[in-house]
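Asker: Quick one, query_17.csv (CSV, C-alpha atoms):
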chain,number,residue,atom,x,y,z
A,1,MET,CA,-0.1,10.8,1.7
A,2,SER,CA,-3.4,12.5,2.2
A,3,GLU,CA,-6.6,10.8,1.2
A,4,GLU,CA,-10.2,11.5,0.6
A,5,MET,CA,-12.9,10.2,2.9
A,6,MET,CA,-12.9,6.5,2.3
A,7,GLU,CA,-15.5,3.9,2.5
A,8,GLU,CA,-15.0,1.1,4.9
A,9,GLY,CA,-14.1,-2.1,3.2
A,10,GLY,CA,-14.2,-4.2,6.3
A,11,GLY,CA,-17.9,-4.8,6.7
A,12,GLY,CA,-17.6,-4.6,10.5
A,13,VAL,CA,-15.0,-7.3,10.8
A,14,ILE,CA,-12.1,-6.4,13.2
A,15,LYS,CA,-8.9,-8.3,12.6
A,16,LYS,CA,-5.5,-8.0,14.3
A,17,PHE,CA,-3.1,-6.4,11.9
A,18,CYS,CA,0.6,-6.3,12.7
A,19,TYR,CA,3.1,-4.3,10.7
A,20,ILE,CA,6.7,-5.2,11.3
A,21,ASN,CA,9.4,-2.8,10.3
A,22,ARG,CA,12.9,-4.3,10.1
A,23,LYS,CA,14.9,-1.9,7.9
A,24,ALA,CA,16.7,1.3,8.4
A,25,PRO,CA,14.7,4.4,7.2
A,26,TYR,CA,16.6,5.6,4.2
A,27,GLY,CA,18.7,2.8,2.7
A,28,THR,CA,15.6,1.4,1.1
A,29,ILE,CA,12.0,2.6,0.6
A,30,TYR,CA,10.4,-0.1,2.7
A,31,ALA,CA,10.1,2.0,5.9
A,32,LEU,CA,8.4,4.9,4.1
A,33,GLU,CA,6.0,2.7,2.2
A,34,SER,CA,5.2,0.7,5.3
A,35,LEU,CA,4.3,3.9,7.1
A,36,GLU,CA,2.0,4.7,4.1
A,37,VAL,CA,0.2,1.4,4.6
A,38,VAL,CA,-0.2,2.0,8.3
A,39,LEU,CA,-1.7,5.5,7.7
A,40,ILE,CA,-4.1,4.4,5.0
A,41,GLY,CA,-5.0,1.2,6.8
A,42,ALA,CA,-5.9,3.2,9.9
A,43,ALA,CA,-9.2,4.2,8.2
A,44,PHE,CA,-10.4,0.6,8.3
A,45,GLU,CA,-10.4,0.7,12.2
A,46,GLN,CA,-8.7,-2.6,12.7
A,47,ASP,CA,-6.8,-3.7,15.8
A,48,VAL,CA,-3.3,-2.5,14.7
A,49,SER,CA,0.1,-3.1,16.2
A,50,VAL,CA,3.3,-1.7,14.7
A,51,VAL,CA,6.6,-3.4,15.6
A,52,PHE,CA,10.1,-2.1,15.1
A,53,ALA,CA,12.9,-4.6,15.1
A,54,ASP,CA,16.4,-5.0,13.8
A,55,ASP,CA,17.5,-1.9,11.9
A,56,GLY,CA,13.9,-0.9,11.8
A,57,ILE,CA,14.3,0.8,15.2
A,58,TYR,CA,16.4,3.5,13.5
A,59,GLN,CA,13.2,4.6,11.9
A,60,LEU,CA,12.2,6.0,15.3
A,61,THR,CA,15.5,7.6,16.3
A,62,LYS,CA,15.5,11.2,17.4
A,63,GLY,CA,17.3,13.9,15.6
A,64,GLN,CA,17.2,12.6,12.1
A,65,ASP,CA,18.6,15.0,9.5
A,66,THR,CA,18.3,14.0,5.9
A,67,ALA,CA,19.4,17.3,4.3
A,68,GLY,CA,22.7,15.8,3.1
A,69,ILE,CA,21.1,12.8,1.3
A,70,GLU,CA,18.3,14.9,-0.4
A,71,MET,CA,15.6,12.7,1.1
A,72,LYS,CA,12.5,13.8,3.0
A,73,ASN,CA,12.8,13.3,6.7
A,74,PHE,CA,9.6,11.4,7.4
A,75,SER,CA,10.3,10.6,11.0
A,76,PRO,CA,7.9,13.4,12.3
A,77,THR,CA,5.1,11.4,10.8
A,78,TYR,CA,5.4,8.6,13.4
A,79,ARG,CA,4.3,11.2,15.9
A,80,ALA,CA,1.0,11.6,14.0
A,81,LEU,CA,0.2,7.9,14.4
A,82,GLU,CA,-1.6,8.5,17.6
A,83,MET,CA,-4.1,10.8,15.9
A,84,TYR,CA,-4.7,8.0,13.4
A,85,ASP,CA,-5.6,5.9,16.5
A,86,VAL,CA,-2.5,3.7,15.9
A,87,GLU,CA,-1.4,3.5,19.5
A,88,LYS,CA,0.3,0.1,19.9
A,89,LEU,CA,3.9,0.6,19.0
A,90,TYR,CA,6.4,-2.1,20.0
A,91,VAL,CA,10.2,-2.1,19.9
A,92,GLU,CA,12.3,-5.2,20.3
A,93,LYS,CA,14.5,-5.1,23.4
A,94,GLU,CA,17.3,-7.1,21.8
A,95,SER,CA,17.5,-4.8,18.8
A,96,LEU,CA,17.8,-1.7,21.0
A,97,GLU,CA,20.5,-3.3,23.2
A,98,GLU,CA,22.5,-4.5,20.2
A,99,ARG,CA,22.6,-1.0,18.9
A,100,GLY,CA,23.4,0.6,22.3
A,101,MET,CA,20.0,2.4,22.4
A,102,THR,CA,17.2,2.8,24.8
A,103,ALA,CA,13.5,3.9,24.5
A,104,ASP,CA,14.7,7.4,25.4
A,105,ASP,CA,16.4,7.7,22.0
A,106,LEU,CA,13.1,7.3,20.2
A,107,ILE,CA,10.8,10.1,19.0
A,108,VAL,CA,7.6,8.4,20.2
A,109,PRO,CA,6.6,6.5,23.3
A,110,VAL,CA,6.8,2.7,22.7
A,111,GLU,CA,6.5,-0.5,24.6
A,112,VAL,CA,9.7,-2.5,24.7
A,113,LEU,CA,9.2,-6.2,24.3
A,114,SER,CA,11.6,-9.1,24.3
A,115,SER,CA,12.0,-11.2,21.3
A,116,ALA,CA,10.0,-14.0,23.0
A,117,GLN,CA,7.2,-11.6,23.9
A,118,LEU,CA,7.1,-10.4,20.3
A,119,GLN,CA,6.9,-14.0,19.2
A,120,ASP,CA,3.7,-14.3,21.3
A,121,LEU,CA,2.3,-11.1,19.9
A,122,MET,CA,2.9,-12.2,16.3
A,123,GLU,CA,1.4,-15.6,17.1
A,124,ASP,CA,-1.8,-13.8,18.1
A,125,GLN,CA,-2.2,-11.8,14.8
A,126,ASP,CA,-4.6,-12.4,11.9
A,127,VAL,CA,-2.6,-10.5,9.4
A,128,VAL,CA,1.2,-9.9,9.5
A,129,LEU,CA,2.8,-7.5,7.1
A,130,SER,CA,6.6,-7.4,7.2
A,131,PHE,CA,8.6,-4.6,5.7
B,1,MET,CA,3.4,23.8,-17.6
B,2,ALA,CA,0.3,25.9,-16.8
B,3,THR,CA,0.7,29.0,-14.9
B,4,ILE,CA,-1.6,31.3,-12.9
B,5,ASP,CA,-1.2,35.0,-12.7
B,6,VAL,CA,-0.6,36.3,-9.2
B,7,ALA,CA,-0.1,40.1,-9.0
B,8,GLY,CA,1.6,40.1,-12.4
B,9,ASN,CA,3.8,37.1,-11.6
B,10,ALA,CA,3.3,33.8,-13.4
B,11,VAL,CA,3.3,31.0,-10.9
B,12,GLU,CA,3.7,27.4,-12.2
B,13,VAL,CA,0.9,24.9,-11.4
B,14,ASP,CA,0.2,21.4,-12.5
B,15,GLU,CA,-2.8,20.0,-14.5
B,16,GLU,CA,-5.0,20.1,-11.4
B,17,GLY,CA,-3.8,23.5,-10.2
B,18,TYR,CA,-1.4,22.4,-7.5
B,19,LEU,CA,1.8,24.4,-7.1
B,20,ALA,CA,4.6,23.0,-9.1
B,21,ASP,CA,7.1,24.2,-6.5
B,22,ARG,CA,5.7,24.2,-2.9
B,23,GLY,CA,8.3,26.7,-1.9
B,24,ASP,CA,6.5,29.3,-4.0
B,25,TRP,CA,3.5,29.4,-1.6
B,26,ASN,CA,2.2,32.7,-0.2
B,27,GLU,CA,-1.2,34.0,0.8
B,28,GLU,CA,-1.7,35.8,-2.5
B,29,ILE,CA,-1.3,32.6,-4.4
B,30,ALA,CA,-3.8,30.8,-2.1
B,31,THR,CA,-6.3,33.7,-2.7
B,32,GLU,CA,-5.8,33.5,-6.5
B,33,MET,CA,-6.2,29.7,-6.5
B,34,ALA,CA,-9.4,30.0,-4.7
B,35,LYS,CA,-10.6,32.7,-7.0
B,36,ILE,CA,-10.2,30.4,-10.0
B,37,ASP,CA,-12.5,27.9,-8.2
B,38,ASP,CA,-15.0,30.8,-7.6
B,39,CYS,CA,-14.3,30.7,-3.9
B,40,GLU,CA,-13.6,33.8,-1.8
B,41,LEU,CA,-11.5,33.0,1.2
B,42,SER,CA,-13.0,34.0,4.5
B,43,ASP,CA,-11.5,33.9,7.9
B,44,ASN,CA,-13.0,30.5,8.4
B,45,HIS,CA,-11.2,29.2,5.2
B,46,TRP,CA,-7.9,30.8,6.4
B,47,GLU,CA,-8.2,29.1,9.8
B,48,VAL,CA,-8.3,25.7,8.1
B,49,ILE,CA,-5.6,26.6,5.6
B,50,LYS,CA,-3.3,27.8,8.3
B,51,PHE,CA,-4.1,24.7,10.4
B,52,LEU,CA,-3.1,22.4,7.5
B,53,ARG,CA,0.2,24.3,7.0
B,54,GLU,CA,1.0,23.9,10.6
B,55,TYR,CA,0.0,20.3,10.6
B,56,TYR,CA,2.2,19.6,7.6
B,57,GLU,CA,5.1,21.5,9.1
B,58,GLU,CA,4.8,19.4,12.3
B,59,TYR,CA,4.1,15.9,10.9
B,60,GLN,CA,5.2,16.1,7.3
B,61,ILE,CA,1.9,14.7,6.0
B,62,ALA,CA,-1.5,16.1,5.0
B,63,PRO,CA,-3.9,14.6,7.5
B,64,ALA,CA,-6.7,12.2,6.4
B,65,VAL,CA,-10.0,14.0,6.5
B,66,ARG,CA,-11.3,12.3,9.6
B,67,VAL,CA,-8.0,13.1,11.4
B,68,LEU,CA,-8.3,16.7,10.2
B,69,THR,CA,-11.9,16.9,11.4
B,70,LYS,CA,-11.0,15.6,14.8
B,71,ALA,CA,-7.9,17.9,15.2
B,72,ILE,CA,-9.9,21.0,14.1
B,73,GLY,CA,-12.6,20.1,16.6
B,74,LYS,CA,-10.0,19.9,19.3
B,75,LYS,CA,-8.4,23.2,18.4
B,76,LEU,CA,-11.3,25.3,17.1
B,77,GLY,CA,-14.3,23.7,18.8
B,78,PRO,CA,-16.9,21.1,18.0
B,79,ASP,CA,-19.0,23.4,15.7
B,80,LYS,CA,-16.0,23.4,13.3
B,81,GLY,CA,-14.8,19.9,14.0
B,82,ASN,CA,-17.2,18.1,11.7
B,83,SER,CA,-17.1,17.1,8.1
B,84,LYS,CA,-20.3,19.0,7.2
B,85,TYR,CA,-18.6,22.3,8.2
B,86,LEU,CA,-15.4,21.4,6.3
B,87,TYR,CA,-17.2,20.3,3.2
B,88,GLU,CA,-19.3,23.5,3.2
B,89,LEU,CA,-16.1,25.6,3.3
B,90,PHE,CA,-14.3,23.3,0.7
B,91,PRO,CA,-17.0,21.7,-1.4
B,92,TYR,CA,-14.4,19.9,-3.6
B,93,GLY,CA,-13.3,18.1,-0.4
B,94,PRO,CA,-10.9,19.4,2.3
B,95,ALA,CA,-8.2,17.0,1.3
B,96,LYS,CA,-8.1,18.2,-2.3
B,97,GLN,CA,-9.2,21.8,-2.2
B,98,ALA,CA,-7.9,23.0,1.2
B,99,CYS,CA,-4.5,21.3,0.7
B,100,LYS,CA,-4.2,22.9,-2.7
B,101,TYR,CA,-4.7,26.4,-1.3
B,102,ALA,CA,-2.4,25.6,1.6
B,103,GLY,CA,0.4,24.6,-0.8
B,104,LEU,CA,0.6,21.0,0.5
B,105,PRO,CA,1.7,18.2,-1.8
B,106,LYS,CA,-0.9,16.9,-4.1
B,107,PRO,CA,-2.7,13.9,-2.7
B,108,THR,CA,-1.7,10.6,-4.5
B,109,GLY,CA,-5.3,9.6,-4.7
B,110,CYS,CA,-4.4,6.8,-2.4
B,111,VAL,CA,-7.6,5.2,-1.1
C,1,MET,CA,-9.4,-21.2,1.1
C,2,LYS,CA,-9.6,-17.5,0.2
C,3,PHE,CA,-6.2,-16.1,-0.4
C,4,GLY,CA,-4.9,-12.5,-0.8
C,5,ILE,CA,-1.5,-12.1,-2.4
C,6,LEU,CA,1.0,-9.3,-1.9
C,7,VAL,CA,3.9,-9.0,-4.3
C,8,SER,CA,6.6,-6.7,-3.0
C,9,GLU,CA,9.4,-7.0,-5.5
C,10,GLY,CA,10.0,-6.3,-9.1
C,11,PRO,CA,10.0,-8.9,-11.9
C,12,TYR,CA,13.3,-10.5,-13.0
C,13,THR,CA,15.4,-8.8,-10.3
C,14,HIS,CA,13.8,-10.9,-7.6
C,15,GLN,CA,12.1,-14.3,-7.5
C,16,ALA,CA,9.1,-12.9,-5.6
C,17,ALA,CA,7.1,-12.3,-8.7
C,18,ASP,CA,7.7,-15.8,-10.0
C,19,SER,CA,6.9,-17.4,-6.7
C,20,ALA,CA,3.7,-15.4,-6.4
C,21,TYR,CA,2.7,-16.4,-9.9
C,22,LEU,CA,3.4,-20.1,-9.4
C,23,PHE,CA,1.7,-20.0,-6.0
C,24,THR,CA,-1.4,-18.4,-7.5
C,25,LYS,CA,-1.5,-20.8,-10.3
C,26,ALA,CA,-1.2,-23.8,-8.0
C,27,ALA,CA,-3.8,-22.5,-5.6
C,28,LEU,CA,-6.3,-22.0,-8.4
C,29,GLU,CA,-5.6,-25.5,-9.8
C,30,LYS,CA,-6.4,-26.9,-6.3
C,31,GLY,CA,-9.7,-25.0,-6.3
C,32,HIS,CA,-8.8,-22.2,-3.9
C,33,GLU,CA,-10.0,-18.6,-4.4
C,34,ILE,CA,-7.5,-15.8,-5.1
C,35,TYR,CA,-9.4,-12.7,-3.9
C,36,ARG,CA,-6.8,-10.2,-5.0
C,37,ILE,CA,-3.2,-9.8,-5.9
C,38,PHE,CA,-1.7,-6.5,-4.7
C,39,PHE,CA,1.5,-5.1,-6.1
C,40,TYR,CA,3.5,-2.8,-3.9
C,41,HIS,CA,7.0,-1.4,-3.6
C,42,ASP,CA,9.0,-2.4,-6.8
C,43,GLY,CA,6.3,-5.1,-7.3
C,44,VAL,CA,4.4,-2.4,-9.3
C,45,ASN,CA,6.9,-3.0,-12.1
C,46,ASN,CA,5.0,-6.3,-12.7
C,47,GLY,CA,2.3,-4.2,-14.3
C,48,THR,CA,4.1,-2.4,-17.1
C,49,ARG,CA,3.2,-3.5,-20.6
C,50,LEU,CA,6.4,-2.0,-22.0
C,51,THR,CA,8.4,-4.9,-20.6
C,52,THR,CA,10.2,-6.8,-23.4
C,53,PRO,CA,12.4,-9.7,-22.1
C,54,PRO,CA,14.6,-11.7,-24.4
C,55,GLN,CA,12.5,-14.3,-26.3
C,56,ASP,CA,14.0,-17.3,-24.6
C,57,GLU,CA,12.9,-16.0,-21.2
C,58,ARG,CA,9.6,-16.1,-19.4
C,59,HIS,CA,7.4,-13.0,-19.9
C,60,ILE,CA,6.4,-12.2,-16.4
C,61,VAL,CA,4.0,-9.3,-17.2
C,62,ASN,CA,2.1,-11.2,-20.0
C,63,ARG,CA,1.9,-14.2,-17.8
C,64,TRP,CA,0.0,-12.2,-15.2
C,65,SER,CA,-2.3,-10.7,-17.8
C,66,GLU,CA,-3.1,-14.1,-19.2
C,67,LEU,CA,-3.7,-15.6,-15.8
C,68,ALA,CA,-5.9,-12.7,-14.9
C,69,GLU,CA,-8.0,-13.1,-18.0
C,70,LYS,CA,-8.4,-16.8,-17.6
C,71,HIS,CA,-9.4,-16.7,-14.0
C,72,LYS,CA,-10.9,-13.2,-13.7
C,73,LEU,CA,-8.2,-12.2,-11.2
C,74,ASP,CA,-8.1,-8.8,-9.5
C,75,LEU,CA,-4.6,-7.4,-10.1
C,76,VAL,CA,-4.1,-4.2,-8.2
C,77,VAL,CA,-1.1,-1.9,-8.5
C,78,CYS,CA,-0.7,0.6,-5.7
C,79,VAL,CA,-1.1,4.1,-7.0
C,80,ALA,CA,1.4,5.8,-4.7
C,81,ALA,CA,4.1,3.2,-5.4
C,82,ALA,CA,3.2,3.3,-9.1
C,83,GLN,CA,3.5,7.1,-9.3
C,84,ARG,CA,7.0,7.0,-7.8
C,85,ARG,CA,8.1,4.3,-10.3
C,86,GLY,CA,6.4,5.6,-13.5
C,87,ILE,CA,3.6,3.1,-13.9
C,88,VAL,CA,0.5,4.9,-15.2
C,89,ASP,CA,-2.9,4.1,-16.7
C,90,ALA,CA,-4.7,6.5,-19.0
C,91,ASP,CA,-6.5,8.4,-16.2
C,92,GLU,CA,-3.4,8.8,-14.1
C,93,ALA,CA,-1.4,10.0,-17.2
C,94,LYS,CA,-4.1,12.7,-17.7
C,95,ARG,CA,-4.2,13.6,-14.1
C,96,ASN,CA,-0.5,14.1,-13.9
C,97,GLY,CA,0.2,15.5,-17.3
C,98,LYS,CA,2.1,12.5,-18.8
C,99,ASP,CA,2.3,11.8,-22.5
C,100,GLY,CA,1.8,8.1,-22.3
C,101,ASP,CA,0.5,5.2,-20.2
C,102,ASN,CA,1.9,1.8,-19.7
C,103,LEU,CA,-0.3,-0.3,-17.4
C,104,ALA,CA,-0.6,-3.8,-18.7
C,105,PRO,CA,-4.0,-5.5,-19.5
C,106,GLY,CA,-5.7,-7.1,-16.6
C,107,PHE,CA,-4.1,-4.7,-14.0
C,108,ARG,CA,-5.8,-1.8,-12.4
C,109,ILE,CA,-4.3,1.1,-10.3
C,110,SER,CA,-5.9,1.7,-6.9
C,111,GLY,CA,-5.0,2.7,-3.4
C,112,LEU,CA,-3.4,0.9,-0.4
C,113,GLY,CA,-6.9,0.4,1.1
C,114,GLN,CA,-7.2,-2.5,-1.3
C,115,LEU,CA,-4.3,-4.2,0.4
C,116,VAL,CA,-5.8,-3.7,3.9
C,117,GLU,CA,-9.2,-4.7,2.7
C,118,ALA,CA,-7.7,-7.9,1.2
C,119,GLY,CA,-6.2,-8.6,4.6
C,120,ILE,CA,-9.7,-8.2,6.2
C,121,GLN,CA,-11.5,-10.3,3.6
C,122,CYS,CA,-9.1,-13.2,3.1
C,123,GLU,CA,-8.4,-16.1,5.3
C,124,ARG,CA,-4.7,-15.8,4.5
C,125,LEU,CA,-2.7,-12.9,3.1
C,126,VAL,CA,0.5,-14.3,1.7
C,127,THR,CA,3.5,-12.0,1.1
C,128,PHE,CA,6.1,-12.6,-1.6
C,129,GLY,CA,9.1,-10.4,-1.0
C,130,ASP,CA,12.0,-10.2,1.4
Could you spell out this file's structure in structure tokens?

Answerer:
Amino acid sequence: MSEEMMEEGGGGVIKKFCYINRKAPYGTIYALESLEVVLIGAAFEQDVSVVFADDGIYQLTKGQDTAGIEMKNFSPTYRALEMYDVEKLYVEKESLEERGMTADDLIVPVEVLSSAQLQDLMEDQDVVLSF
Amino acid sequence: MATIDVAGNAVEVDEEGYLADRGDWNEEIATEMAKIDDCELSDNHWEVIKFLREYYEEYQIAPAVRVLTKAIGKKLGPDKGNSKYLYELFPYGPAKQACKYAGLPKPTGCV
Amino acid sequence: MKFGILVSEGPYTHQAADSAYLFTKAALEKGHEIYRIFFYHDGVNNGTRLTTPPQDERHIVNRWSELAEKHKLDLVVCVAAAQRRGIVDADEAKRNGKDGDNLAPGFRISGLGQLVEAGIQCERLVTFGD
């Protein structure tokens, strides 16, 4: 997931990008490949928000151990997002509650938003990518 | 598969000289890989290589160059936290060359 | 309007590839611009020229290649996703020591930056997938 110095393809335009993660981390590859887009996309210096909803909140749960399923535990990488200047992480309140979780169960600091607030956030975006 | 000779042991590497098995890594291998590129590893090189290994251990990714630059600056001072310094140390590019010596996964070339 | 297209699912398994193709064709017919079509996740399987469907079925890969040639489309397959799934061009094959390549005509392999850049450049980025 490393990359060489990349050119800016944006030509100075700053758009609002929103990445929505809805799936559990290991059942399918969407979570990992979404994270790869966020990391690469960070080089374009856009206004980025990352949302975790539904089973997507499991991507951020503490204490993941993947040894038994022979997959790489990529959850520590979410802690690197801050260094990539991706600082706006949102988690849906209802998704947490339905799963008996709170923000304390997550490996990174997030802002918890209600479904209605997320709706407003999404309304405001230029580009929404859902994984 | 190609191999490089490290103190009499054949270590498997891929087409571009990256370790076939990252678990094989040790400092002698890094030194030998650098020698193949006509590069003698100084303390300044090792500082970056060790930083990369720690970064990978902590975050499970190799940092983007600009992230590496910023993080090195924070840890080792602004005279080292700039791309000129890093490219002087690793002329083939810190992402490629330093990551190779550090035994990090080969970059996908994802730009 | 200037559109970017993201195809996130593989051909035949999922309708996303068909819908993306039909949308692209319709948009072009109406005079819109298709800036880029980006293939991600299993969508990269849209770009293997080794695909051989039964003769009485649509040929999804050839259909893309033909459309690309006709309209000079930019069909981009994500390199990281492609490496995982065994989609390689001649350069990638060499770089990774593979004995063959299978990228279909009209496609090119490049990085995820191409997807983000399409999001920046286009008025609409339309995703086809789940």

Asker: Any idea what's packed within 8 Å of Val79 in chain C, counting all atoms listed in the file, ignoring anything in its chain fewer than 2 positions away? Could you give it as a list in words?

Answerer: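 My list of contacting residues is Thr108, Gly109 and Cys110 of chain B; Val77, Ala81, Ala82, Gln83, Ile109, Ser110, Gly111 and Leu112 of chain C.
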
Asker: Report as a list in words the set of chain B residues whose atoms approach chain C to within 12 Å, with distances computed over all atoms listed in the file.

Answerer: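 Listed by rising number, the hits are Met1, Ala2, Val13, Asp14, Glu15, Glu16, Gly17, Tyr18, Ala20, Lys106, Pro107, Thr108, Gly109, Cys110 and Val111 of chain B.
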
Asker: Export C-alpha atoms of the chosen residues as a PDB file, keeping the file's coordinate frame?

Answerer:
ATOM      1  CA  MET B   1       3.400  23.800 -17.600  1.00  0.00           C
ATOM      2  CA  ALA B   2       0.300  25.900 -16.800  1.00  0.00           C
ATOM      3  CA  VAL B  13       0.900  24.900 -11.400  1.00  0.00           C
ATOM      4  CA  ASP B  14       0.200  21.400 -12.500  1.00  0.00           C
ATOM      5  CA  GLU B  15      -2.800  20.000 -14.500  1.00  0.00           C
ATOM      6  CA  GLU B  16      -5.000  20.100 -11.400  1.00  0.00           C
ATOM      7  CA  GLY B  17      -3.800  23.500 -10.200  1.00  0.00           C
ATOM      8  CA  TYR B  18      -1.400  22.400  -7.500  1.00  0.00           C
ATOM      9  CA  ALA B  20       4.600  23.000  -9.100  1.00  0.00           C
ATOM     10  CA  LYS B 106      -0.900  16.900  -4.100  1.00  0.00           C
ATOM     11  CA  PRO B 107      -2.700  13.900  -2.700  1.00  0.00           C
ATOM     12  CA  THR B 108      -1.700  10.600  -4.500  1.00  0.00           C
ATOM     13  CA  GLY B 109      -5.300   9.600  -4.700  1.00  0.00           C
ATOM     14  CA  CYS B 110      -4.400   6.800  -2.400  1.00  0.00           C
ATOM     15  CA  VAL B 111      -7.600   5.200  -1.100  1.00  0.00           C
TER      16      VAL B 111
END

Asker: Determine, counting all atoms listed in the file, every residue of protein, DNA or RNA that lies within 9 Å of (12.4, 3.0, 13.3) in the file coordinates, then give the result as JSON, numbers by chain.

Answerer: {"A": [21, 22, 23, 24, 25, 31, 51, 52, 53, 54, 55, 56, 57, 58, 59, 60, 61, 75, 78, 91, 106]}

Asker: Just need the residues of chain C within 12 Å of chain A, counting all atoms listed in the file, so spit them out as a ChimeraX atom specification.

Answerer: /C:3-9,40-43,78-82,84-85,111-130

Asker: Using all atoms listed in the file, what table do you get, as JSON lines, when you list each residue of chain B with an atom no more than 8 Å from chain A, its nearest pair of atoms, and their distance in Å rounded to one decimal, rows by chain then rising number?

Answerer:
{"residue": "B:Glu58", "atom": "CA", "partner": "A:Pro76", "partner_atom": "CA", "distance": 6.8}
{"residue": "B:Tyr59", "atom": "CA", "partner": "A:Thr77", "partner_atom": "CA", "distance": 4.6}
{"residue": "B:Gln60", "atom": "CA", "partner": "A:Thr77", "partner_atom": "CA", "distance": 5.9}
{"residue": "B:Ile61", "atom": "CA", "partner": "A:Met1", "partner_atom": "CA", "distance": 6.1}
{"residue": "B:Ala62", "atom": "CA", "partner": "A:Ser2", "partner_atom": "CA", "distance": 4.9}
{"residue": "B:Pro63", "atom": "CA", "partner": "A:Ser2", "partner_atom": "CA", "distance": 5.7}
{"residue": "B:Ala64", "atom": "CA", "partner": "A:Ser2", "partner_atom": "CA", "distance": 5.3}
{"residue": "B:Val65", "atom": "CA", "partner": "A:Met5", "partner_atom": "CA", "distance": 6.0}
{"residue": "B:Arg66", "atom": "CA", "partner": "A:Met5", "partner_atom": "CA", "distance": 7.2}
{"residue": "B:Val67", "atom": "CA", "partner": "A:Met83", "partner_atom": "CA", "distance": 6.4}
{"residue": "B:Gly93", "atom": "CA", "partner": "A:Glu4", "partner_atom": "CA", "distance": 7.4}
{"residue": "B:Ala95", "atom": "CA", "partner": "A:Glu4", "partner_atom": "CA", "distance": 5.9}
{"residue": "B:Lys96", "atom": "CA", "partner": "A:Glu4", "partner_atom": "CA", "distance": 7.6}
{"residue": "B:Pro107", "atom": "CA", "partner": "A:Ser2", "partner_atom": "CA", "distance": 5.1}
{"residue": "B:Thr108", "atom": "CA", "partner": "A:Met1", "partner_atom": "CA", "distance": 6.4}
{"residue": "B:Gly109", "atom": "CA", "partner": "A:Glu3", "partner_atom": "CA", "distance": 6.2}
{"residue": "B:Cys110", "atom": "CA", "partner": "A:Glu3", "partner_atom": "CA", "distance": 5.8}
{"residue": "B:Val111", "atom": "CA", "partner": "A:Glu3", "partner_atom": "CA", "distance": 6.1}

Asker: With all atoms listed in the file as the counted atoms, please give the residues lying no more than 8 Å from range 49-60 of chain C, apart from itself and same-chain residues fewer than 3 positions off, as a VMD selection string.

Answerer: chain C and resid 11 to 12 17 to 18 46 63 to 64 102 to 105

Asker: Around the point (9.0, -5.8, 24.3) (coordinates from the file), which residues reach within 12 Å if we count only C-alpha atoms? Answer as a ChimeraX atom specification.

Answerer: /A:50-53,88-97,102-103,110-122

Asker: For Leu73 in chain C, please output as a PyMOL selection string all residues within 12 Å (counting all atoms listed in the file; exclusion window: fewer than 4 positions along the same chain).

Answerer: chain C and resi 3-5+21+24-25+28+33-38+64-69+105-108

Asker: Please, what distance in Å, to one decimal, runs between CA of Gly47 in chain C and CA of Gly86 in chain C?

Answerer: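 Here the two named atoms are 10.7 Å from each other.
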
Asker: Would you mind reading off the distance between CA of Ile69 in chain A and CA of Gly27 in chain A, one decimal, in Å?

Answerer: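 Value for the CA of Ile69 in chain A-CA of Gly27 in chain A distance: 10.4 Å.
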